[in-house]
$ cat structure-v8.cif   # mmCIF, C-alpha atoms
data_entry
#
loop_
_atom_site.label_atom_id
_atom_site.label_comp_id
_atom_site.auth_asym_id
_atom_site.auth_seq_id
_atom_site.Cartn_x
_atom_site.Cartn_y
_atom_site.Cartn_z
CA MET A 22 -9.50 21.33 -22.71
CA ILE A 23 -10.32 18.25 -20.63
CA ALA A 24 -13.52 17.67 -22.59
CA THR A 25 -11.61 17.63 -25.87
CA LEU A 26 -8.92 15.41 -24.37
CA ARG A 27 -11.46 12.90 -23.17
CA LEU A 28 -13.21 12.75 -26.48
CA THR A 29 -9.96 12.09 -28.28
CA GLU A 30 -9.10 9.35 -25.82
CA LYS A 31 -12.56 7.88 -26.13
CA GLU A 32 -12.17 7.69 -29.89
CA LEU A 33 -8.74 6.13 -29.56
CA LEU A 34 -9.92 3.58 -27.02
CA GLU A 35 -12.88 2.72 -29.23
CA LEU A 36 -10.47 2.22 -32.10
CA LEU A 37 -8.36 0.00 -29.87
CA ARG A 38 -11.34 -2.17 -29.01
CA LEU A 39 -12.26 -2.51 -32.68
CA LEU A 40 -8.73 -3.46 -33.57
CA GLN A 41 -8.50 -5.87 -30.67
CA GLY A 42 -11.49 -7.73 -32.03
CA LYS A 43 -9.67 -8.34 -35.33
CA LYS A 44 -6.61 -9.91 -33.68
CA GLY A 45 -4.37 -8.68 -36.43
CA ASP A 46 -0.80 -7.42 -36.26
CA GLU A 47 -2.13 -3.88 -36.38
CA SER A 48 -3.80 -4.15 -32.99
CA SER A 49 -0.69 -5.42 -31.22
CA THR A 50 1.42 -2.76 -32.91
CA LEU A 51 -1.00 -0.06 -31.88
CA LEU A 52 -1.17 -1.43 -28.33
CA ASP A 53 2.60 -1.47 -28.09
CA SER A 54 2.86 2.07 -29.36
CA LEU A 55 0.25 3.20 -26.83
CA MET A 56 2.11 1.41 -24.03
CA TYR A 57 5.05 3.70 -24.76
CA SER A 58 3.07 6.82 -25.62
CA LYS A 59 3.71 10.06 -23.75
CA ASN A 60 0.13 10.16 -22.49
CA PRO A 61 -0.09 8.30 -19.14
CA VAL A 62 -3.85 7.80 -19.50
CA LEU A 63 -3.36 5.95 -22.78
CA GLN A 64 -0.45 3.97 -21.33
CA VAL A 65 -2.58 2.68 -18.47
CA HIS A 66 -5.54 1.94 -20.76
CA ALA A 67 -3.24 -0.04 -23.04
CA LYS A 68 -2.09 -2.05 -20.00
CA LEU A 69 -5.72 -2.53 -19.03
CA ILE A 70 -6.47 -3.95 -22.47
CA LYS A 71 -3.45 -6.23 -22.24
CA THR A 72 -4.84 -7.66 -19.00
CA ASN A 73 -8.20 -8.22 -20.77
CA LEU A 74 -10.17 -6.18 -18.25
CA ASN A 75 -11.48 -3.43 -20.51
CA MET B 27 -2.03 -18.26 8.46
CA LYS B 28 -1.69 -17.31 4.80
CA ASN B 29 -1.46 -13.68 3.84
CA PRO B 30 -4.35 -12.98 1.39
CA ALA B 31 -2.31 -10.21 -0.24
CA ALA B 32 0.23 -12.82 -1.39
CA LYS B 33 -2.36 -14.38 -3.74
CA ARG B 34 -3.11 -11.13 -5.49
CA SER B 35 -2.19 -10.79 -9.13
CA VAL B 36 0.99 -8.78 -9.61
CA ASP B 37 -0.24 -7.50 -12.97
CA LEU B 38 -3.39 -6.10 -11.41
CA GLN B 39 -1.46 -4.60 -8.50
CA ASN B 40 0.88 -2.89 -10.97
CA LEU B 41 -2.09 -1.66 -12.96
CA ILE B 42 -3.63 -0.13 -9.83
CA ASN B 43 -0.30 1.50 -8.94
CA ASP B 44 -0.05 2.97 -12.44
CA ALA B 45 -3.65 4.20 -12.23
CA ARG B 46 -2.90 6.07 -8.99
CA SER B 47 -0.67 8.46 -10.92
CA LEU B 48 -3.50 9.48 -13.27
CA PRO B 49 -6.06 12.27 -12.76
CA ALA B 50 -8.64 11.06 -10.24
CA GLU B 51 -11.49 10.34 -12.69
CA PHE B 52 -9.31 8.16 -14.91
CA ALA B 53 -7.75 6.43 -11.91
CA ILE B 54 -11.18 5.57 -10.50
CA ASP B 55 -12.39 4.33 -13.89
CA ILE B 56 -9.42 1.97 -14.13
CA VAL B 57 -9.59 0.63 -10.57
CA LEU B 58 -13.34 0.02 -10.85
CA ARG B 59 -12.69 -2.18 -13.88
CA VAL B 60 -10.08 -4.04 -11.85
CA ALA B 61 -12.52 -4.41 -8.94
CA ALA B 62 -15.08 -5.94 -11.30
CA ALA B 63 -12.63 -8.64 -12.44
CA ASN B 64 -13.31 -12.25 -11.48
CA ASN B 65 -9.80 -12.97 -10.18
CA VAL B 66 -10.00 -10.24 -7.52
CA ASP B 67 -11.05 -11.53 -4.09
CA LYS B 68 -13.86 -9.94 -2.08
CA LYS B 69 -11.62 -8.26 0.50
CA TRP B 70 -9.43 -6.74 -2.19
CA LYS B 71 -12.50 -5.50 -4.06
CA GLN B 72 -13.70 -3.76 -0.89
CA GLU B 73 -10.29 -2.15 -0.39
CA ILE B 74 -10.24 -0.94 -4.01
CA LEU B 75 -13.76 0.48 -3.77
CA ALA B 76 -13.01 2.23 -0.46
CA GLU B 77 -9.91 3.84 -1.97
CA ALA B 78 -11.80 4.84 -5.11
CA PHE B 79 -14.53 6.44 -3.01
CA ILE B 80 -12.00 8.61 -1.19
CA LEU B 81 -10.44 9.55 -4.50
CA THR B 82 -13.74 10.94 -5.82
CA SER B 83 -13.14 14.12 -3.78
CA ALA B 84 -10.37 14.99 -6.27
CA VAL B 85 -12.52 14.60 -9.40
CA GLN B 86 -12.70 17.74 -11.53
CA ASN B 87 -16.47 17.88 -12.16
CA GLU B 88 -18.81 17.33 -9.25
CA VAL B 89 -22.07 16.82 -11.15
CA ARG B 90 -22.84 15.53 -14.62
CA LEU B 91 -24.16 18.12 -17.08
CA LYS B 92 -25.95 17.77 -20.38
CA GLY B 93 -26.60 20.17 -23.21
CA LYS B 94 -30.03 21.67 -23.66
CA PRO B 95 -32.08 20.19 -26.53
CA ARG B 96 -31.66 21.61 -30.02
CA ILE B 97 -28.06 22.72 -29.54
CA PRO B 98 -26.12 22.39 -32.83
CA VAL B 99 -24.09 19.17 -32.87
CA ASP B 100 -20.63 20.51 -33.57
CA THR B 101 -20.37 22.90 -30.66
CA ARG B 102 -18.36 23.08 -27.47
CA VAL B 103 -21.52 22.47 -25.43
CA ASN B 104 -22.25 19.19 -27.20
CA TYR B 105 -18.65 18.03 -27.00
CA ARG B 106 -18.75 18.67 -23.25
CA SER B 107 -22.00 16.68 -23.14
CA TYR B 108 -20.29 13.75 -24.87
CA ALA B 109 -17.47 13.94 -22.33
CA PHE B 110 -19.99 13.94 -19.46
CA ASP B 111 -21.64 10.87 -21.04
CA LEU B 112 -18.55 8.94 -19.93
CA LYS B 113 -19.92 9.40 -16.38
CA LEU B 114 -16.58 10.41 -14.95
CA ASP B 115 -18.02 13.13 -12.73
CA ALA B 116 -17.75 12.71 -8.96
CA LEU B 117 -21.43 11.97 -8.35
CA SER B 118 -21.74 9.35 -11.09
CA LEU B 119 -18.51 7.68 -9.97
CA ARG B 120 -19.68 7.61 -6.33
CA SER B 121 -22.95 6.04 -7.46
CA LYS B 122 -21.06 3.41 -9.45
CA ILE B 123 -18.78 2.64 -6.49
CA ILE B 124 -21.75 2.32 -4.12
CA SER B 125 -23.60 0.01 -6.50
CA GLN B 126 -20.52 -2.24 -6.70
CA MET B 127 -20.11 -2.12 -2.92
CA LEU B 128 -23.77 -3.02 -2.47
CA LEU B 129 -23.03 -6.44 -3.96
CA LEU B 130 -20.21 -7.01 -1.46
CA ASP B 131 -21.17 -5.29 1.80
CA LYS B 132 -24.57 -3.63 2.19
CA ASP B 133 -23.74 -1.80 5.40
CA HIS B 134 -20.56 -0.35 3.93
CA ALA B 135 -22.57 0.77 0.89
CA LEU B 136 -25.01 2.55 3.22
CA ARG B 137 -22.13 4.22 5.08
CA MET B 138 -20.76 5.44 1.75
CA LEU B 139 -24.16 6.78 0.75
CA ASN B 140 -24.40 8.63 4.06
CA GLN B 141 -21.12 10.38 3.29
CA ILE B 142 -22.70 12.09 0.29
CA PRO B 143 -24.64 15.18 1.39
CA PRO B 144 -28.30 14.71 0.37
CA ASN B 145 -28.44 18.38 -0.54
CA LEU B 146 -26.30 18.57 -3.65
CA ARG B 147 -26.10 22.37 -3.40
CA LEU B 148 -26.56 22.88 -7.12
CA THR B 149 -26.14 26.53 -8.03
CA ALA B 150 -29.13 28.05 -9.80
CA LEU B 151 -28.83 28.18 -13.58
CA SER B 152 -29.97 31.04 -15.75
CA CYS B 153 -31.74 30.99 -19.12
CA SER B 154 -28.43 31.78 -20.82
CA ASP B 155 -26.77 28.61 -19.49
CA GLN B 156 -26.37 26.08 -22.28
CA MET B 157 -25.94 23.05 -20.02
CA VAL B 158 -28.22 21.67 -17.31
CA TYR B 159 -27.68 19.24 -14.43
CA ASN B 160 -28.14 15.52 -14.92
CA GLY B 161 -28.33 13.63 -11.62
CA ASP B 162 -30.13 10.52 -12.89
CA GLU B 163 -27.38 8.14 -11.75
CA PHE B 164 -27.26 9.52 -8.24
CA TYR B 165 -30.97 9.43 -7.47
CA LYS B 166 -31.25 5.74 -8.34
CA MET B 167 -28.81 5.04 -5.55
CA PRO B 168 -30.63 5.89 -2.28
CA GLY B 169 -33.62 3.76 -3.33
CA SER B 170 -31.60 0.69 -4.27
CA VAL B 171 -29.34 0.92 -1.20
CA THR B 172 -32.20 1.35 1.27
CA ASN B 173 -34.21 -1.43 -0.40
CA ALA B 174 -31.26 -3.77 0.11
CA VAL B 175 -30.35 -2.67 3.63
CA TYR B 176 -33.64 -2.15 5.45
CA THR B 177 -35.68 -5.19 6.41
CA GLU B 178 -39.47 -5.24 6.24
CA ARG B 179 -39.63 -4.63 10.00
CA LYS B 180 -37.41 -1.55 9.76
CA VAL B 181 -39.45 -0.27 6.82
CA GLN B 182 -42.62 -0.63 8.94
CA GLN B 183 -40.89 1.29 11.74
CA GLY B 184 -40.24 4.14 9.32
CA GLU B 185 -36.44 3.93 9.27
CA ARG B 186 -36.25 3.80 5.47
CA VAL B 187 -38.40 6.91 5.14
CA GLN B 188 -36.17 8.73 7.62
CA CYS B 189 -33.16 7.78 5.52
CA LEU B 190 -34.73 8.89 2.22
CA LEU B 191 -36.39 12.06 3.46
CA PRO B 192 -33.26 14.27 3.36
CA TYR B 193 -32.89 13.56 -0.37
CA ILE B 194 -36.38 14.86 -1.00
CA GLU B 195 -35.94 17.81 1.36
CA GLY B 196 -32.65 18.63 -0.35
CA LEU B 197 -34.19 19.21 -3.80
CA THR B 198 -33.24 22.64 -5.06
CA SER B 199 -33.41 22.28 -8.83
CA PRO B 200 -36.15 21.08 -11.23
CA ALA B 201 -33.47 18.81 -12.74
CA GLN B 202 -33.48 16.82 -9.51
CA SER B 203 -37.21 16.31 -9.14
CA PHE B 204 -37.77 13.84 -12.00
CA PRO B 205 -34.93 11.41 -11.19
CA CYS B 206 -35.72 11.71 -7.48
CA SER B 207 -39.33 10.68 -8.08
CA GLY B 208 -38.11 7.45 -9.70
#

$ encode --input "structure-v8.cif" --output "structure tokens"
Amino acid sequence: MIATLRLTEKELLELLRLLQGKKGDESSTLLDSLMYSKNPVLQVHAKLIKTNLN
Amino acid sequence: MKNPAAKRSVDLQNLINDARSLPAEFAIDIVLRVAAANNVDKKWKQEILAEAFILTSAVQNEVRLKGKPRIPVDTRVNYRSYAFDLKLDALSLRSKIISQMLLLDKDHALRMLNQIPPNLRLTALSCSDQMVYNGDEFYKMPGSVTNAVYTERKVQQGERVQCLLPYIEGLTSPAQSFPCSG
């Protein structure tokens, strides 16, 4: 279960990085939605991206 | 006298606090990124790394595994391999922490290395096992730490050999021999 979870998160985080590079409205919308997602791992990663440390 | 903690970024402190609530491997991954940031002072970095090292005892997987060659791509074994490629197992994370600590405090890095048992106690695998051990990250560590810590004089006195010998004596699996020889 963990392996599948990680892979999904990896894909999502990769997507986030791609979107972040484009600096469009989509990336900020996606970041905001992840900040308030139910998954705490994604929440913290979204905060990490907001602090530009990823 | 100024309190060094007062200069620390509130955003980063909050991020570390949030990370503490996550499963250990994710928490360590986050705090190591924070520790690598430029606006984190040396003392804070050391504190973060020391905390992360303690946290590695709670990581779910002790050793990294990889799928045997010629396993079909879309299988559970390969998906687990991809997950292990993130290097969020305890041994890989400890190696990463030690390599970051080596840049800050060599003696502390050596103390951390000494806390890892040289004998990894890997259970024997059978021919039916689809995944094998991958300790490449770990075996780079003793060499780089001892190269940085031991002076030429200590090397001549044989102290470095004494430090490295348990890692060689602790080999129990063929998967360890190749990375250990490097």

$ closest_residue --input "structure-v8.cif" --among "B:Arg106, B:Arg120, B:Lys113, B:Lys71" --to "Arg90 of chain B" --atoms "all atoms listed in the file"
B:Lys113

$ residues_around --input "structure-v8.cif" --residues "Leu55 of chain A" --least-positions-apart "3" --cutoff "7 Å" --atoms "only C-alpha atoms" --output "JSON list (two decimals) with C-alpha atoms, in the frame of the given file"
[["chain", "number", "residue", "atom", "x", "y", "z"],
["A", 51, "LEU", "CA", -1.00, -0.06, -31.88],
["A", 52, "LEU", "CA", -1.17, -1.43, -28.33],
["A", 58, "SER", "CA", 3.07, 6.82, -25.62],
["A", 63, "LEU", "CA", -3.36, 5.95, -22.78],
["A", 64, "GLN", "CA", -0.45, 3.97, -21.33],
["A", 67, "ALA", "CA", -3.24, -0.04, -23.04]]

$ interface_residues --input "structure-v8.cif" --of "chain B" --to "chain A" --cutoff "8 Å" --atoms "only C-alpha atoms" --output "MDAnalysis selection string"
chainID B and resid 37:38 41 44:45 48 52 56 59:60 63 105:106 108:109

$ residues_near_point --input "structure-v8.cif" --point "(-25.0, -4.1, -3.6)" --cutoff "12 Å" --atoms "only C-alpha atoms" --output "list in words"
Gln72, Ser121, Lys122, Ile123, Ile124, Ser125, Gln126, Met127, Leu128, Leu129, Leu130, Asp131, Lys132, Asp133, His134, Ala135, Leu136, Met138, Leu139, Met167, Pro168, Gly169, Ser170, Val171, Thr172, Asn173, Ala174 and Val175 of chain B

$ write_last_selection --input "structure-v8.cif" --atoms "C-alpha atoms" --output "PDB file, keeping the file's coordinate frame"
ATOM      1  CA  GLN B  72     -13.700  -3.760  -0.890  1.00  0.00           C
ATOM      2  CA  SER B 121     -22.950   6.040  -7.460  1.00  0.00           C
ATOM      3  CA  LYS B 122     -21.060   3.410  -9.450  1.00  0.00           C
ATOM      4  CA  ILE B 123     -18.780   2.640  -6.490  1.00  0.00           C
ATOM      5  CA  ILE B 124     -21.750   2.320  -4.120  1.00  0.00           C
ATOM      6  CA  SER B 125     -23.600   0.010  -6.500  1.00  0.00           C
ATOM      7  CA  GLN B 126     -20.520  -2.240  -6.700  1.00  0.00           C
ATOM      8  CA  MET B 127     -20.110  -2.120  -2.920  1.00  0.00           C
ATOM      9  CA  LEU B 128     -23.770  -3.020  -2.470  1.00  0.00           C
ATOM     10  CA  LEU B 129     -23.030  -6.440  -3.960  1.00  0.00           C
ATOM     11  CA  LEU B 130     -20.210  -7.010  -1.460  1.00  0.00           C
ATOM     12  CA  ASP B 131     -21.170  -5.290   1.800  1.00  0.00           C
ATOM     13  CA  LYS B 132     -24.570  -3.630   2.190  1.00  0.00           C
ATOM     14  CA  ASP B 133     -23.740  -1.800   5.400  1.00  0.00           C
ATOM     15  CA  HIS B 134     -20.560  -0.350   3.930  1.00  0.00           C
ATOM     16  CA  ALA B 135     -22.570   0.770   0.890  1.00  0.00           C
ATOM     17  CA  LEU B 136     -25.010   2.550   3.220  1.00  0.00           C
ATOM     18  CA  MET B 138     -20.760   5.440   1.750  1.00  0.00           C
ATOM     19  CA  LEU B 139     -24.160   6.780   0.750  1.00  0.00           C
ATOM     20  CA  MET B 167     -28.810   5.040  -5.550  1.00  0.00           C
ATOM     21  CA  PRO B 168     -30.630   5.890  -2.280  1.00  0.00           C
ATOM     22  CA  GLY B 169     -33.620   3.760  -3.330  1.00  0.00           C
ATOM     23  CA  SER B 170     -31.600   0.690  -4.270  1.00  0.00           C
ATOM     24  CA  VAL B 171     -29.340   0.920  -1.200  1.00  0.00           C
ATOM     25  CA  THR B 172     -32.200   1.350   1.270  1.00  0.00           C
ATOM     26  CA  ASN B 173     -34.210  -1.430  -0.400  1.00  0.00           C
ATOM     27  CA  ALA B 174     -31.260  -3.770   0.110  1.00  0.00           C
ATOM     28  CA  VAL B 175     -30.350  -2.670   3.630  1.00  0.00           C
TER      29      VAL B 175
END

$ atom_distance --input "structure-v8.cif" --atom1 "atom CA of Asn65 of chain B" --atom2 "atom CA of Ser49 of chain A"
24.1 Å

$ closest_residue --input "structure-v8.cif" --among "B:Leu112, B:Ser152, B:Val66, B:Pro192" --to "Val36 of chain B" --atoms "all atoms listed in the file"
B:Val66

$ resolve_selection --input "structure-v8.cif" --expression "the PyMOL selection byres ((chain B and resi 54) around 8)" --output "MDAnalysis selection string"
chainID B and resid 45 50:53 55:58 78 81:82 119

$ atom_distance --input "structure-v8.cif" --atom1 "atom CA of Trp70 of chain B" --atom2 "atom CA of Gln39 of chain B"
10.4 Å

$ closest_residue --input "structure-v8.cif" --among "B:Ala116, B:Val103, B:Ile80, B:Leu91" --to "Asn160 of chain B" --atoms "all atoms listed in the file"
B:Leu91

$ atom_distance --input "structure-v8.cif" --atom1 "atom CA of Ala61 of chain B" --atom2 "atom CA of Ser118 of chain B"
16.7 Å

$ residues_near_point --input "structure-v8.cif" --point "(-26.6, 23.2, -2.3)" --cutoff "10 Å" --atoms "all atoms listed in the file" --output "list of chain:residue names"
B:Pro143, B:Pro144, B:Asn145, B:Leu146, B:Arg147, B:Leu148, B:Thr149, B:Ala150, B:Gly196, B:Leu197, B:Thr198, B:Ser199

$ closest_residue --input "structure-v8.cif" --among "B:Leu190, B:Glu163, B:Glu195, B:Met157" --to "Ile97 of chain B" --atoms "all atoms listed in the file"
B:Met157
